[in-house]
There are 2 protein chains.
Amino acid sequence: MATVLPAGVSEGDVEKAIEAFVDALGADAVMTDTEALREFRDPYAYKQSDEWDASAAVSPTTTEQVQAIVRIANEHGIPLWTIGQGRNNTYGGAAPRVRGSVIVNMREMNQVLEVNEDLCYAVVQPGVRWFDLHDALEAAGGRCWPSIPDLGWGSVVGNTLEYGRGYTPYGDHATNVCGMEVVLPDGEVLRTGMGGQTGNEAWHVYQHSYGPSLDRLFMQSNYGIVTQMGVWIMPRPDVYAACGATWQGEEALEAMVDALRTLMLEGIIRNYPIMGRGIGVGMDAKPHIDPTDPTWRLRFALYGRQSIVDAHWDIAREALEAIPGVEATCHQMPGTERHAQARGHDEQVQCGIPEMDLMDLFKTPYGEETGHLDFSPVGPLTGKDVVETFRLVRELYDRHGWSYLGGLLMSPRNVIHVTTTFFDPNDEEQTREVYAAYDEMVLELAKVKKVPYRTNIHHMDLVADQLDFNDHIQRRTSERIKDALDPNGILSPGKQGIWPANRR
Amino acid sequence: MATVLPAGVSEGDVEKAIEAFVDALGADAVMTDTEALREFRDPYAYKQSDEWDASAAVSPTTTEQVQAIVRIANEHGIPLWTIGQGRNNTYGGAAPRVRGSVIVNMREMNQVLEVNEDLCYAVVQPGVRWFDLHDALEAAGGRCWPSIPDLGWGSVVGNTLEYGRGYTPYGDHATNVCGMEVVLPDGEVLRTGMGGQTGNEAWHVYQHSYGPSLDRLFMQSNYGIVTQMGVWIMPRPDVYAACGATWQGEEALEAMVDALRTLMLEGIIRNYPIMGRGIGVGMDAKPHIDPTDPTWRLRFALYGRQSIVDAHWDIAREALEAIPGVEATCHQMPGTERHAQARGHDEQVQCGIPEMDLMDLFKTPYGEETGHLDFSPVGPLTGKDVVETFRLVRELYDRHGWSYLGGLLMSPRNVIHVTTTFFDPNDEEQTREVYAAYDEMVLELAKVKKVPYRTNIHHMDLVADQLDFNDHIQRRTSERIKDALDPNGILSPGKQGIWPANRR
């Protein structure tokens with residue numbers, strides 16, 4: 001029996017829905033035990049709070065079962081909350097926005113459905129982890145590399161739908177999606193793009209549609225449950241070069257940002273570089289957290305034929321070392337030898353070898369249950385703006401006596417300023433202060449016209465509130481689409497501040 | 001007084017709407033004269049037919065006027081049809097899908113609102129032509145190049161919203177959109193992406209949203225009128241190399257396709273190459289139409305520092321000339337000298353110098369009023385599939401005694417097979433045969449699971465019908481969104497087969 005009821009739903013409705021889930025999926029695929037459900041909690045919310053608890057979790061194995069789940073939820077008015085692997089730590093983990101929602105746990109739909117080494121794409125189900133994609137690509141012949149984020153345990157689909165980032169030239173994952181299968185809120189199955197024609201072989205190679213393109217409608221949204229996704233992957237290069245640079249001070253930071261923007265726009269650096277201070281995102285073999293370390297570290301990578309990598313490195317080194325105080329390094333290896341020769345997190349993550357090093361690192365401040373809360377506003381990639389934003393954010397951490405620990409996730413034209421606070425989620429007061437400071441940061445950054453690219457379940461409405469143009473027309477438009485596709489409001493209500501009519 | 005009424009709309013309603021348009025925009029901005037309206041006809045429909053005529057045309061100069069137009073249309077139930085420049089020749093020109101629609105002519109909203117040479121983007125209104133964008137970029141300092149299609153007279157926004165293509169590394173125009181302003185069917189103004197926050201400086205540099213990303217919802221669709229669009233542009237390279245190759249026969253074609261795919265995926269060739277036979281898309285300085293010419297021609301381009309262009313050319317030449325019968329050429333010039341040194345259409349179009357050479361060429365078969373109808377299915381970029389599709393399409397032209405005249409617009413993973421038939425739109429029988437043959441081609445290509453990436457107003461429903469998966473769920477979903485955003489069905493009804501509830 002469910003002990004946590006969603007607002008507006010009776011215990012009887014929840015019980016009937018759970019019976020129907022059991023009928024459709026089997027008892028093993030339906031979890032209602034409170035202890036067992038702790039697995040789906042937000043690991044970084046205050047540990048004694050049950051504010052974000054789910055009422056149940058269901059684990060489909062097929063698209064048809066996902067359809068059945070959605071239809072049952074409609075019948076009984078049950079809010080669902082979909083997770084791929086639920087490794088969305090710092091953004092809420094697996095926990096639902098609406099207390100008492102039923103988790104749709106996609107971990108059992110974990111097949112790599114296709115690998116095409118010639119056309120460089122894979123088709124994955126939402127339970128496929130970065131580890132699984134890597135292994136499937138190696139098994140298929142090793143001619144393609146995935147772009148992976150820092151931690152290998154997450155879902156490829158889950159990360160990508162949240163605009164998650166990786167570090168190869170395919171690191172802006174959302175832009176490398178090509179063709180989805182989606183269960184809509186009414187239980188119908190949609191295939192996007194050329195998948196609209198049964199059997200069309202351009203489904204996973206052509207990103208547009210005949211008509212409007214719907215793929216990105218299902219990102220950071222609550223309009224459907226993605227059951228398959230095509231992802232573009234990179235061909236294995238002849239040579240992989242893991243490069244880096246170090247320096248101190250904000251004068252060089254400003255110049256570095258401008259130099260990197262030019263190198264990226266020019267196509268010299270084609271991956272997604274990261275630079276940071278105080279935390280292990282640099283060019284070290286070993287990750288580290290050290291707020292007192294004044295050194296800035298950059299990592300980036302080059303890929304391709306030997307002649308191209310050499311020429312790119314010459315140009316990049318010259319541009320970076322022209323900045324006073326900057327020293328650059330480069331570690332080259334054959335693409336076929338990356339497993340043997342890539343050293344540590346920074347070299348592995350840029351060539352698609354998933355691991356969990358940062359997870360261990362992140363447990364050091366307060367032990368096994370250490371929490372961290374990331375604040376990640378987006379801005380233009382100009383040296384001037386980056387330094388101003390860095391100083392502002394640092395000042396906001398200073399107010400609380402916390403250190404700036406952060407990294408800049410750079411694209412050719414924009415940057416995500418990711419900073420983080422570590423805390424002990426068993427300490428109610430400390431946890432509350434960290435989350436309240438996040439509120440403050442959102443409001444302070446809104447004054448300089450910036451918002452986070454992504455946020456946790458605790459702050460979704462607050463961030464949505466900052467998107468104020470024309471009386472929040474963006475949210476109002478998203479909600480009109482929501483109401484059209486999901487009139488009963490059953491799919492992930494409240495996600496990114498988009499509420500269905502019955503919960504607004 | 002309007003002489004052409006849209007189905008289901010009374011003469012009184014049209015007259016009241018026109019009065020209201022005059023009140024809102026001034027008499028000069030409202031055109032109802034039948035002779036004058038001929039300018040907005042489909043130039044390649046049968047000349048004596050009035051089947052695709054508009055009832056009026058309105059020419060707003062501000063976003064507020066666009067809002068007024070939309071509100072008036074809602075009040076009187078008038079279907080609107082939006083055009084940028086209306087140079088959408090072979091896809092219907094400026095003509096509306098629904099006879100008697102009022103053309104919303106955006107030609108007077110023709111400002112380049114911003115050029116940012118550091119971050120390599122521009123913001124354009126929908127009346128901005130490729131000529132205008134080129135000139136604005138030169139005036140801003142010449143540090144950025146636009147990606148342009150074959151003809152310079154078209155609208156940047158119009159082409160891009162139709163998934164139109166250009167030939168620099170930014171040639172898949174839809175993927176280089178960043179941030180729109182859109183007037184929704186109810187007259188509200190939406191800004192997409194980070195533009196959802198007033199004054200956010202990441203609007204035109206960060207492609208995603210907080211929440212679902214709506215940009216691509218407004219492509220090939222009838223959900224809104226785009227009044228501003230951010231477009232990413234390329235930095236001027238040190239060196240520009242216009243390259244080409246020639247060969248004969250389909251054996252080499254298959255090998256060429258596979259070689260080019262590898263070169264593109266590897267990042268050696270970063271622009272959008274084109275190869276063709278019988279028509280002037282090759283590496284000639286002068287465009288040509290010659291169905292008897294058995295020679296295939298490829299054009300592609302390289303960009304960057306001298307050392308990089310040299311290294312890329314060595315690799316590309318070696319790969320292409322390894323194929324028996326293939327000869328490759330390369331014409332290099334400094335990026336600053338492209339206006340002086342780029343020769344003819346093929347070299348100019350790949351470095352963003354707009355002109356109209358192909359327009360003149362296309363008048364040669366039947367004189368000034370020559371029509372042509374393009375058939376352009378999408379497929380995967382593999383040598384095997386390309387040759388099979390080429391042979392099938394050639395056979396379909398052979399059935400009518402017509403020659404294969406075509407080009408392959410290549411991306412790293414897909415190809416658009418563009419072929420064309422020239423005809424005399426003053427000849428009713430010939431025109432009818434050409435359009436009927438298009439029907440046949442759509443149906444024959446559907447048997448091998450391919451659809452055109454874009455089509456003309458005459459065939460929009462037929463192509464939409466081929467997207468059959470789950471009882472046309474893609475169209476049904478698009479129509480649910482249509483009904484939510486445009487309940488009165490006033491914006492471009494029938495576009496790409498998407499009909500509002502009142503016309504289904």
# chains A, B, ... in the order shown; residues from 1 in each chain; ligands from 1

$ select_by_dssp --residues "range 76-156 of chain A" --states "helix (DSSP H, G or I)" --output "list in words"
His76, Met106, Arg107, Glu108, Trp130, Phe131, Asp132, Leu133, His134, Asp135, Ala136, Leu137, Glu138, Ala139, Ala140 and Val156 of chain A

$ write_last_selection --atoms "C-alpha atoms" --output "PDB file, in the first residue's frame"
ATOM      1  CA  HIS A  76      -6.616   7.079 -12.420  1.00  0.00           C
ATOM      2  CA  MET A 106      13.543   2.983 -17.544  1.00  0.00           C
ATOM      3  CA  ARG A 107      16.609   1.112 -16.277  1.00  0.00           C
ATOM      4  CA  GLU A 108      15.297  -2.202 -17.632  1.00  0.00           C
ATOM      5  CA  TRP A 130      27.474   5.542 -20.977  1.00  0.00           C
ATOM      6  CA  PHE A 131      29.283   2.383 -19.881  1.00  0.00           C
ATOM      7  CA  ASP A 132      26.887   0.306 -21.999  1.00  0.00           C
ATOM      8  CA  LEU A 133      27.178   2.535 -25.058  1.00  0.00           C
ATOM      9  CA  HIS A 134      30.971   2.474 -24.825  1.00  0.00           C
ATOM     10  CA  ASP A 135      30.959  -1.323 -24.551  1.00  0.00           C
ATOM     11  CA  ALA A 136      28.529  -1.725 -27.449  1.00  0.00           C
ATOM     12  CA  LEU A 137      30.687   0.487 -29.662  1.00  0.00           C
ATOM     13  CA  GLU A 138      33.788  -1.493 -28.779  1.00  0.00           C
ATOM     14  CA  ALA A 139      31.940  -4.765 -29.461  1.00  0.00           C
ATOM     15  CA  ALA A 140      30.761  -3.451 -32.824  1.00  0.00           C
ATOM     16  CA  VAL A 156      22.629   8.465 -22.458  1.00  0.00           C
TER      17      VAL A 156
END

$ select_by_dssp --residues "range 176-286 of chain A" --states "strand (DSSP E or B)" --output "number ranges by chain"
A: 177-183, 189-191, 225-232, 234-235, 239-248, 274-277, 279

$ residues_around --residues "Arg305 in chain B" --least-positions-apart "3" --cutoff "7 Å" --atoms "only C-alpha atoms" --output "PyMOL selection string"
chain B and resi 237-239+308-309

$ write_last_selection --atoms "C-alpha atoms" --output "mmCIF file, in the first residue's frame"
data_model
loop_
_atom_site.group_PDB
_atom_site.id
_atom_site.type_symbol
_atom_site.label_atom_id
_atom_site.label_comp_id
_atom_site.auth_asym_id
_atom_site.auth_seq_id
_atom_site.Cartn_x
_atom_site.Cartn_y
_atom_site.Cartn_z
ATOM 1 C CA PRO B 237 39.334 32.035 -42.851
ATOM 2 C CA ASP B 238 42.943 32.921 -43.659
ATOM 3 C CA VAL B 239 42.696 30.775 -46.767
ATOM 4 C CA ILE B 308 45.540 23.330 -42.305
ATOM 5 C CA VAL B 309 44.190 23.900 -45.798
#

$ atom_distance --atom1 "CA of His208 in chain A" --atom2 "CA of Val189 in chain A"
18.7 Å

$ residues_around --residues "range 63-74 of chain B" --least-positions-apart "5" --cutoff "8 Å" --atoms "only C-alpha atoms" --output "PyMOL selection string"
chain B and resi 17+20-21+24-25+79-80+183+185-189+225+227+488+490

$ residues_around --residues "range 494-499 of chain A" --least-positions-apart "4" --cutoff "9 Å" --atoms "only C-alpha atoms" --output "VMD selection string"
(chain A and resid 96 to 98 220 to 222 454 to 457 459 to 465 475 to 476 478 to 479 482 to 483 489 503 to 504) or (chain B and resid 210 to 212)

$ atom_distance --atom1 "CA of Tyr272 in chain B" --atom2 "CA of Gly199 in chain A"
26.3 Å

$ residues_around --residues "Val177 in chain A" --least-positions-apart "6" --cutoff "10 Å" --atoms "only C-alpha atoms" --output "PyMOL selection string"
chain A and resi 121-123+157+160-161+204-207+215-216+229-233

$ write_last_selection --atoms "N, CA, C and O atoms" --output "short mmCIF file (atom, residue, chain, number, x, y, z; two decimals), in the first residue's frame"
data_model
loop_
_atom_site.label_atom_id
_atom_site.label_comp_id
_atom_site.auth_asym_id
_atom_site.auth_seq_id
_atom_site.Cartn_x
_atom_site.Cartn_y
_atom_site.Cartn_z
N TYR A 121 26.38 6.34 -36.11
CA TYR A 121 25.30 6.60 -35.16
C TYR A 121 24.98 5.32 -34.39
O TYR A 121 25.35 4.22 -34.81
N ALA A 122 24.33 5.51 -33.26
CA ALA A 122 23.82 4.38 -32.48
C ALA A 122 22.37 4.70 -32.11
O ALA A 122 21.97 5.86 -32.09
N VAL A 123 21.61 3.64 -31.86
CA VAL A 123 20.24 3.82 -31.39
C VAL A 123 20.14 3.16 -30.02
O VAL A 123 20.47 1.98 -29.87
N VAL A 157 20.24 8.71 -22.80
CA VAL A 157 19.02 9.45 -23.15
C VAL A 157 18.71 10.49 -22.08
O VAL A 157 18.42 11.65 -22.39
N THR A 160 21.11 13.44 -22.24
CA THR A 160 20.95 14.20 -23.48
C THR A 160 19.68 15.03 -23.45
O THR A 160 19.67 16.19 -23.87
N LEU A 161 18.60 14.44 -22.92
CA LEU A 161 17.33 15.18 -22.85
C LEU A 161 17.43 16.38 -21.92
O LEU A 161 16.65 17.33 -22.05
N HIS A 204 17.75 8.09 -38.61
CA HIS A 204 18.83 8.43 -37.67
C HIS A 204 20.01 9.12 -38.34
O HIS A 204 21.09 9.23 -37.76
N VAL A 205 19.81 9.58 -39.58
CA VAL A 205 20.90 10.31 -40.26
C VAL A 205 20.49 11.71 -40.70
O VAL A 205 21.35 12.52 -41.05
N TYR A 206 19.20 12.00 -40.71
CA TYR A 206 18.72 13.32 -41.14
C TYR A 206 17.95 13.94 -39.98
O TYR A 206 16.97 13.35 -39.51
N GLN A 207 18.40 15.10 -39.49
CA GLN A 207 17.84 15.63 -38.24
C GLN A 207 16.50 16.34 -38.40
O GLN A 207 15.81 16.55 -37.41
N ASP A 215 11.89 16.80 -32.22
CA ASP A 215 12.84 16.20 -31.28
C ASP A 215 13.06 17.05 -30.03
O ASP A 215 12.99 16.55 -28.91
N ARG A 216 13.34 18.33 -30.23
CA ARG A 216 13.76 19.15 -29.09
C ARG A 216 12.60 19.55 -28.18
O ARG A 216 12.80 20.11 -27.12
N MET A 229 16.30 6.50 -29.01
CA MET A 229 16.88 7.73 -29.51
C MET A 229 18.11 7.41 -30.37
O MET A 229 18.93 6.57 -30.00
N GLY A 230 18.19 8.06 -31.52
CA GLY A 230 19.39 7.97 -32.34
C GLY A 230 20.40 9.00 -31.85
O GLY A 230 20.02 10.15 -31.62
N VAL A 231 21.63 8.58 -31.67
CA VAL A 231 22.69 9.53 -31.25
C VAL A 231 23.85 9.41 -32.22
O VAL A 231 24.28 8.33 -32.57
N TRP A 232 24.35 10.56 -32.64
CA TRP A 232 25.50 10.59 -33.52
C TRP A 232 26.78 10.44 -32.69
O TRP A 232 26.88 10.98 -31.58
N ILE A 233 27.72 9.69 -33.23
CA ILE A 233 28.97 9.40 -32.54
C ILE A 233 30.13 9.70 -33.48
O ILE A 233 29.95 9.81 -34.70
#

$ residues_around --residues "Leu358 in chain A" --least-positions-apart "3" --cutoff "9 Å" --atoms "only C-alpha atoms" --output "JSON, numbers by chain"
{"A": [150, 151, 280, 287, 288, 345, 355, 361, 362, 363]}

$ write_last_selection --atoms "all heavy atoms" --output "CSV table (one decimal), in the first residue's frame"
chain,number,residue,atom,x,y,z
A,150,ASP,N,31.1,13.4,-17.2
A,150,ASP,CA,32.1,13.0,-16.3
A,150,ASP,C,31.9,11.7,-15.6
A,150,ASP,O,32.9,11.0,-15.3
A,150,ASP,CB,32.2,14.1,-15.2
A,150,ASP,CG,32.8,15.4,-15.7
A,150,ASP,OD1,34.0,15.3,-16.2
A,150,ASP,OD2,32.2,16.4,-15.7
A,151,LEU,N,30.6,11.3,-15.4
A,151,LEU,CA,30.3,10.0,-14.7
A,151,LEU,C,29.7,9.1,-15.7
A,151,LEU,O,28.8,9.4,-16.5
A,151,LEU,CB,29.4,10.3,-13.6
A,151,LEU,CG,30.0,11.2,-12.5
A,151,LEU,CD1,28.9,11.5,-11.4
A,151,LEU,CD2,31.2,10.5,-11.8
A,280,GLY,N,38.7,19.3,-9.7
A,280,GLY,CA,39.4,18.5,-10.6
A,280,GLY,C,38.9,18.4,-12.0
A,280,GLY,O,38.4,17.3,-12.4
A,287,PRO,N,41.9,13.7,-10.3
A,287,PRO,CA,41.0,14.8,-9.9
A,287,PRO,C,41.3,15.3,-8.4
A,287,PRO,O,41.9,14.6,-7.7
A,287,PRO,CB,39.6,14.1,-9.9
A,287,PRO,CG,39.8,12.9,-10.7
A,287,PRO,CD,41.2,12.5,-10.5
A,288,HIS,N,41.0,16.6,-8.2
A,288,HIS,CA,41.3,17.1,-6.9
A,288,HIS,C,40.2,18.2,-6.5
A,288,HIS,O,39.6,18.8,-7.4
A,288,HIS,CB,42.7,17.8,-7.0
A,288,HIS,CG,42.7,19.0,-7.9
A,288,HIS,ND1,42.8,18.8,-9.3
A,288,HIS,CD2,42.5,20.3,-7.7
A,288,HIS,CE1,42.8,20.0,-9.9
A,288,HIS,NE2,42.6,20.9,-8.9
A,345,HIS,N,41.2,10.7,-15.3
A,345,HIS,CA,39.9,11.2,-15.8
A,345,HIS,C,40.0,12.1,-17.0
A,345,HIS,O,39.2,12.0,-17.9
A,345,HIS,CB,39.2,11.9,-14.6
A,345,HIS,CG,37.9,12.5,-14.9
A,345,HIS,ND1,36.8,11.7,-15.2
A,345,HIS,CD2,37.5,13.8,-15.1
A,345,HIS,CE1,35.8,12.5,-15.5
A,345,HIS,NE2,36.2,13.8,-15.5
A,355,GLU,N,34.1,6.4,-16.7
A,355,GLU,CA,34.5,5.9,-15.4
A,355,GLU,C,33.8,6.7,-14.3
A,355,GLU,O,32.9,7.5,-14.6
A,355,GLU,CB,36.1,5.8,-15.2
A,355,GLU,CG,36.8,6.9,-15.9
A,355,GLU,CD,36.8,8.2,-15.3
A,355,GLU,OE1,36.2,8.4,-14.2
A,355,GLU,OE2,37.3,9.2,-15.8
A,361,LEU,N,35.8,11.3,-5.7
A,361,LEU,CA,36.3,12.6,-5.3
A,361,LEU,C,35.3,13.4,-4.5
A,361,LEU,O,35.6,14.0,-3.5
A,361,LEU,CB,36.8,13.4,-6.5
A,361,LEU,CG,37.3,14.8,-6.2
A,361,LEU,CD1,38.7,14.7,-5.6
A,361,LEU,CD2,37.3,15.6,-7.5
A,362,PHE,N,34.0,13.3,-5.0
A,362,PHE,CA,33.0,14.2,-4.5
A,362,PHE,C,32.5,13.6,-3.1
A,362,PHE,O,31.7,14.3,-2.5
A,362,PHE,CB,31.8,14.3,-5.4
A,362,PHE,CG,32.1,15.3,-6.5
A,362,PHE,CD1,33.3,15.8,-6.8
A,362,PHE,CD2,31.0,15.8,-7.3
A,362,PHE,CE1,33.6,16.7,-7.8
A,362,PHE,CE2,31.3,16.7,-8.3
A,362,PHE,CZ,32.5,17.2,-8.6
A,363,LYS,N,33.0,12.5,-2.7
A,363,LYS,CA,32.6,12.0,-1.4
A,363,LYS,C,33.6,12.5,-0.3
A,363,LYS,O,33.5,12.2,0.9
A,363,LYS,CB,32.6,10.5,-1.4
A,363,LYS,CG,31.4,9.9,-2.2
A,363,LYS,CD,31.5,8.4,-2.3
A,363,LYS,CE,30.3,7.9,-3.1
A,363,LYS,NZ,30.5,6.5,-3.5

$ atom_distance --atom1 "CA of Asp42 in chain B" --atom2 "CA of Asn88 in chain B"
8.7 Å

$ closest_residue --among "A:Leu37, A:Val9, A:Gln125, A:Arg191" --to "Phe469 in chain B" --atoms "only C-alpha atoms"
A:Arg191

$ closest_residue --among "B:Gly127, B:Gly224, B:Gly344, B:Gly276" --to "chain A" --atoms "only C-alpha atoms"
B:Gly224
